[in-house]
Structures are given as structure tokens and as C-alpha cells.
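Accompanying notes for the structure given below.
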Amino acid sequence: MVVRDLLAGYLREIHYWPIFNSSTNDIISNADLYEPHNAFFIPNRMGFPNSAISLLRGYYNLPPRNYFNGDFTIMTWVKLTDSGHFQRFIDCGIDKYKAVYISLSSGLTNKPHFKISYDSDRESFYALVSDNSLVIGVWYHLTFIFKENFGYYYRNGVLDKSGILDHPMNITRTICYLGKSQYTGADPDISADFDEIKIFNRALNADEIFREYKKPF
Ligand SMILES: [Ca+2]
């Protein structure tokens, strides 16, 4: 039962960056994080050495892939270590108006902000903005979902916010960052620690998200 569930869960992930043994490789699809800037390996939240990454106004690149092409789920463990104007978790597209981007702060509020811009020369009208600030120095499990025109944001396995979002384009995303904005100059690189980053090519349900949150690693 447990083995079958684990295997089924594993197979539904399309990208998984567990961060361990000083590696930022994607162990499912080889979309290895590369060219780190101001990035360091640190103990994860359980104290295992070299099992999480710390970005201090830093970022990684993600290789070109079609990461988001319909319903999707992206999740991570994250701990903010400083505030920053729209500092990014992920910013991934072909230019800044054709991108999926998730900030861990709307403005300087530390309230997560989720937006998908589609095939235009301006930002999407729609955005999902949490009403609840993340506390600096606290680990959270955050999940962002797109499903049939709606976005959903879960914090520690519990739904925090939902609302209309634009669709992601079905494209190979050639400009893709962990921790960096395409609005260079306006938004600083992030100061945060990350661990256990996963992307699924479908919308996980509430039970599945809670199980991910409860996984002991
Ligand atoms: Ca890890």
C-alpha cells in the first residue's frame, strides 16, 4: 500500500529537486539547476548537512523546458531570510509578459503573489495574492496550483487563497529562474532558503498536498 502510493506519487512528478549531498539536480527529468549566484548549501530543516540551498540575494537558472503547459502544481519548502520587493520563488517564460511567476512577496508585504501572463505585451490582469504574510526565518511548505483557469495557493497543506488566473502558454520556457525576476532592476534576487522543490503536470488535490506537507524529509 505504502510502496504503491509512493511509486504512484513519484511517477506523477515531472521534476523533482530534492537538494541533497550538495546537489541541485532534478532526479526525474535532469532539469538540473545551474549557474548559481550567491547560493550556498545548508542543513535542511531536519539538520541534515548540505541538504537545502540558501540564496542571499541570489538565484539559479533552470534549463529550457516546457515546465508549465496546462494544469500544474509547483511546491517547495522555503524560509525567507529577508524581505524584498516581489522577490521571486520562480520566474519562468520566454519574456516577462509570457511567463509563470510566483513572488514570495507582493511588494514588500511578504504575502505570496502568483501570476501567469499569456501571449501578450503586458502583464496579466489576474493575480493571486495571499492575505497572510510569511514570517522571516520560518520554514513553510508552499504549493501553487493552476487548474482550469483557477489558481490555488496552499500554505502548510491548507488552502490559503484561490482565484482566476490566465493559462500558461504551451511553450519551451527559455528564461527560467529560481529566485530571480525578469524585471531586473525593479525586483531584487531573493533571500531565502529552499528545499524539496517539485513540479507536477496536473493539479494535486487537497489530500495529496497535505500528504506532501507531512512527508518527513
Ligand atoms: Ca533536501
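Simple scheme: letters A, B, ... for chains in C-alpha cells order, numbers from 1 for residues in each chain, numbers from 1 for ligands in the order shown.
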Could you give me, as an mmCIF file with C-alpha atoms, in the first residue's frame, every polymer residue with an atom at most 6 Å away from an atom of ligand 1, counting only C-alpha atoms and all ligand atoms?
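Saved to part03.cif:
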```
data_model
loop_
_atom_site.group_PDB
_atom_site.id
_atom_site.type_symbol
_atom_site.label_atom_id
_atom_site.label_comp_id
_atom_site.auth_asym_id
_atom_site.auth_seq_id
_atom_site.Cartn_x
_atom_site.Cartn_y
_atom_site.Cartn_z
ATOM 1 C CA PRO A 18 15.358 17.151 -3.574
ATOM 2 C CA ILE A 19 18.613 19.016 -2.765
ATOM 3 C CA PHE A 20 20.937 16.565 -1.025
ATOM 4 C CA ASN A 44 17.770 21.209 5.769
ATOM 5 C CA SER A 51 20.517 19.259 2.041
ATOM 6 C CA ALA A 52 18.968 22.656 1.251
ATOM 7 C CA ASP A 195 14.350 22.590 -0.279
ATOM 8 C CA GLU A 196 12.319 19.779 -1.868
#
```
Subject >> Backbone DSSP call of strand (DSSP E) for stretch 7-206 of chain A, listed as a count of residues only >> reply: 90
Test item: residues at most 10 Å from A:Phe72, only C-alpha atoms, excluding those fewer than 2 positions along its chain, as a PDB file with N, CA and C atoms, in the first residue's frame:
```pdb
ATOM      1  N   TYR A  67       7.913  23.560 -18.806  1.00  0.00           N
ATOM      2  CA  TYR A  67       7.595  23.223 -17.412  1.00  0.00           C
ATOM      3  C   TYR A  67       6.103  23.305 -17.105  1.00  0.00           C
ATOM      4  N   PHE A  68       5.415  24.246 -17.751  1.00  0.00           N
ATOM      5  CA  PHE A  68       4.013  24.523 -17.395  1.00  0.00           C
ATOM      6  C   PHE A  68       3.203  24.624 -18.680  1.00  0.00           C
ATOM      7  N   ASN A  69       2.378  23.634 -18.968  1.00  0.00           N
ATOM      8  CA  ASN A  69       1.666  23.667 -20.251  1.00  0.00           C
ATOM      9  C   ASN A  69       0.193  23.283 -20.106  1.00  0.00           C
ATOM     10  N   GLY A  70      -0.391  23.584 -18.975  1.00  0.00           N
ATOM     11  CA  GLY A  70      -1.780  23.234 -18.693  1.00  0.00           C
ATOM     12  C   GLY A  70      -1.916  23.230 -17.184  1.00  0.00           C
ATOM     13  N   ILE A  74       3.233  23.313  -8.418  1.00  0.00           N
ATOM     14  CA  ILE A  74       4.627  23.517  -8.040  1.00  0.00           C
ATOM     15  C   ILE A  74       4.665  23.735  -6.535  1.00  0.00           C
ATOM     16  N   PHE A 144       1.581  25.860  -5.144  1.00  0.00           N
ATOM     17  CA  PHE A 144       0.859  26.722  -6.084  1.00  0.00           C
ATOM     18  C   PHE A 144       0.340  25.847  -7.216  1.00  0.00           C
ATOM     19  N   ILE A 145      -0.963  25.977  -7.486  1.00  0.00           N
ATOM     20  CA  ILE A 145      -1.632  25.109  -8.453  1.00  0.00           C
ATOM     21  C   ILE A 145      -2.341  25.962  -9.488  1.00  0.00           C
ATOM     22  N   PHE A 146      -2.289  25.481 -10.733  1.00  0.00           N
ATOM     23  CA  PHE A 146      -3.169  26.020 -11.766  1.00  0.00           C
ATOM     24  C   PHE A 146      -4.070  24.898 -12.240  1.00  0.00           C
ATOM     25  N   LYS A 147      -5.381  25.147 -12.250  1.00  0.00           N
ATOM     26  CA  LYS A 147      -6.337  24.148 -12.704  1.00  0.00           C
ATOM     27  C   LYS A 147      -7.526  24.843 -13.360  1.00  0.00           C
ATOM     28  N   GLU A 148      -7.685  24.639 -14.651  1.00  0.00           N
ATOM     29  CA  GLU A 148      -8.875  25.103 -15.373  1.00  0.00           C
ATOM     30  C   GLU A 148      -9.194  26.572 -15.087  1.00  0.00           C
ATOM     31  N   GLY A 151      -6.231  29.561 -10.025  1.00  0.00           N
ATOM     32  CA  GLY A 151      -5.027  29.316  -9.250  1.00  0.00           C
ATOM     33  C   GLY A 151      -5.397  29.051  -7.804  1.00  0.00           C
ATOM     34  N   PRO A 168      -1.190  29.107 -18.643  1.00  0.00           N
ATOM     35  CA  PRO A 168       0.216  29.113 -19.069  1.00  0.00           C
ATOM     36  C   PRO A 168       0.310  28.773 -20.551  1.00  0.00           C
ATOM     37  N   ILE A 199       7.626  19.841  -9.316  1.00  0.00           N
ATOM     38  CA  ILE A 199       6.616  20.269 -10.279  1.00  0.00           C
ATOM     39  C   ILE A 199       5.864  19.026 -10.760  1.00  0.00           C
ATOM     40  N   PHE A 200       4.553  19.109 -10.775  1.00  0.00           N
ATOM     41  CA  PHE A 200       3.683  18.046 -11.290  1.00  0.00           C
ATOM     42  C   PHE A 200       2.928  18.607 -12.496  1.00  0.00           C
ATOM     43  N   ASN A 201       2.631  17.750 -13.463  1.00  0.00           N
ATOM     44  CA  ASN A 201       1.915  18.246 -14.643  1.00  0.00           C
ATOM     45  C   ASN A 201       0.413  18.026 -14.518  1.00  0.00           C
ATOM     46  N   ARG A 202      -0.073  18.160 -13.301  1.00  0.00           N
ATOM     47  CA  ARG A 202      -1.521  18.136 -13.055  1.00  0.00           C
ATOM     48  C   ARG A 202      -1.758  18.855 -11.726  1.00  0.00           C
ATOM     49  N   ALA A 203      -3.016  19.115 -11.442  1.00  0.00           N
ATOM     50  CA  ALA A 203      -3.379  19.764 -10.184  1.00  0.00           C
ATOM     51  C   ALA A 203      -3.528  18.699  -9.110  1.00  0.00           C
ATOM     52  N   LEU A 204      -2.721  18.747  -8.078  1.00  0.00           N
ATOM     53  CA  LEU A 204      -2.892  17.823  -6.958  1.00  0.00           C
ATOM     54  C   LEU A 204      -4.135  18.216  -6.169  1.00  0.00           C
TER      55      LEU A 204
END
```
Original post:
Just how far from atom CA of A:Glu208 is atom CA of A:Pro43, in Å to one decimal?
Top reply: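 Atom-to-atom, atom CA of A:Pro43 to atom CA of A:Glu208, that is 26.1 Å.
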**OP:** Could you check how far atom CA of A:Asp189 sits from atom CA of A:Asp131, in Å to one decimal?
**Re:**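 So the two atoms, atom CA of A:Asp189 and atom CA of A:Asp131, lie 22.8 Å apart.
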Could you list, with a cut-off of 12 Å and counting only C-alpha atoms, the residues of stretch 33-61 of chain A near stretch 87-109 of chain A, each shown with its nearest atom pair and the distance in Å rounded to one decimal, rows sorted by chain and ascending number, as CSV?
```
residue,atom,partner,partner_atom,distance
A:Leu55,CA,A:Phe89,CA,10.7
A:Leu56,CA,A:Gln87,CA,11.4
A:Arg57,CA,A:Gln87,CA,9.0
A:Gly58,CA,A:Gln87,CA,10.2
A:Tyr59,CA,A:Arg88,CA,9.2
A:Tyr60,CA,A:Ile90,CA,9.8
A:Asn61,CA,A:Cys92,CA,9.7
```
How close does stretch 32-135 of chain A get to stretch 153-162 of chain A? List, as JSON lines, each residue of stretch 32-135 of chain A within 10 Å, its nearest atom pair and the distance in Å to one decimal, counting only C-alpha atoms.
```
{"residue": "A:Thr73", "atom": "CA", "partner": "A:Tyr153", "partner_atom": "CA", "distance": 9.8}
{"residue": "A:Ile74", "atom": "CA", "partner": "A:Tyr153", "partner_atom": "CA", "distance": 9.9}
{"residue": "A:Met75", "atom": "CA", "partner": "A:Tyr154", "partner_atom": "CA", "distance": 9.1}
{"residue": "A:Trp77", "atom": "CA", "partner": "A:Asn156", "partner_atom": "CA", "distance": 9.2}
{"residue": "A:Pro112", "atom": "CA", "partner": "A:Tyr153", "partner_atom": "CA", "distance": 8.6}
{"residue": "A:His113", "atom": "CA", "partner": "A:Tyr153", "partner_atom": "CA", "distance": 9.2}
{"residue": "A:Phe114", "atom": "CA", "partner": "A:Tyr153", "partner_atom": "CA", "distance": 8.2}
{"residue": "A:Ala127", "atom": "CA", "partner": "A:Ser162", "partner_atom": "CA", "distance": 9.6}
{"residue": "A:Leu128", "atom": "CA", "partner": "A:Ser162", "partner_atom": "CA", "distance": 6.6}
{"residue": "A:Val129", "atom": "CA", "partner": "A:Lys161", "partner_atom": "CA", "distance": 7.4}
{"residue": "A:Ser130", "atom": "CA", "partner": "A:Lys161", "partner_atom": "CA", "distance": 5.9}
{"residue": "A:Asp131", "atom": "CA", "partner": "A:Lys161", "partner_atom": "CA", "distance": 7.8}
{"residue": "A:Asn132", "atom": "CA", "partner": "A:Asp160", "partner_atom": "CA", "distance": 8.0}
{"residue": "A:Leu134", "atom": "CA", "partner": "A:Arg155", "partner_atom": "CA", "distance": 9.5}
```
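For the residues A:Arg122, A:His37, A:Arg65, A:His141, ranking by smallest atom-to-atom distance to A:Cys176 using only C-alpha atoms places A:Arg65 first.
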**OP:** Could you jot down the atom CA of A:Asn25 to atom CA of A:Phe41 separation for me, Å, one decimal place?
**Re:** 13.1 Å
Original post:
Counting only C-alpha atoms, which of A:Asn21, A:Asn50, A:Thr76, A:Asn205 gets nearest to A:Tyr152?
Top reply: A:Asn205
Subject >> Residue neighbourhood A:Leu33, 10 Å, only C-alpha atoms, exclusion window fewer than 3 positions, as number ranges by chain >> reply: A: 17, 23-26, 30, 36, 59-63, 177-178
Could you save those same residues with C-alpha atoms as an mmCIF file, in the first residue's frame?
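Saved file again.cif follows:
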```cif
data_model
loop_
_atom_site.group_PDB
_atom_site.id
_atom_site.type_symbol
_atom_site.label_atom_id
_atom_site.label_comp_id
_atom_site.auth_asym_id
_atom_site.auth_seq_id
_atom_site.Cartn_x
_atom_site.Cartn_y
_atom_site.Cartn_z
ATOM 1 C CA TRP A 17 14.928 18.792 -6.999
ATOM 2 C CA SER A 23 23.408 18.520 -5.429
ATOM 3 C CA THR A 24 20.749 20.633 -7.126
ATOM 4 C CA ASN A 25 19.967 18.027 -9.769
ATOM 5 C CA ASP A 26 16.473 17.132 -10.948
ATOM 6 C CA ASN A 30 17.502 16.042 -15.482
ATOM 7 C CA PRO A 36 24.230 29.609 -9.063
ATOM 8 C CA TYR A 59 19.406 32.701 -7.851
ATOM 9 C CA TYR A 60 19.786 29.604 -10.010
ATOM 10 C CA ASN A 61 18.990 29.047 -13.667
ATOM 11 C CA LEU A 62 16.646 26.287 -14.821
ATOM 12 C CA PRO A 63 17.378 24.719 -18.214
ATOM 13 C CA TYR A 177 14.937 31.273 -12.773
ATOM 14 C CA LEU A 178 14.721 30.133 -9.208
#
```
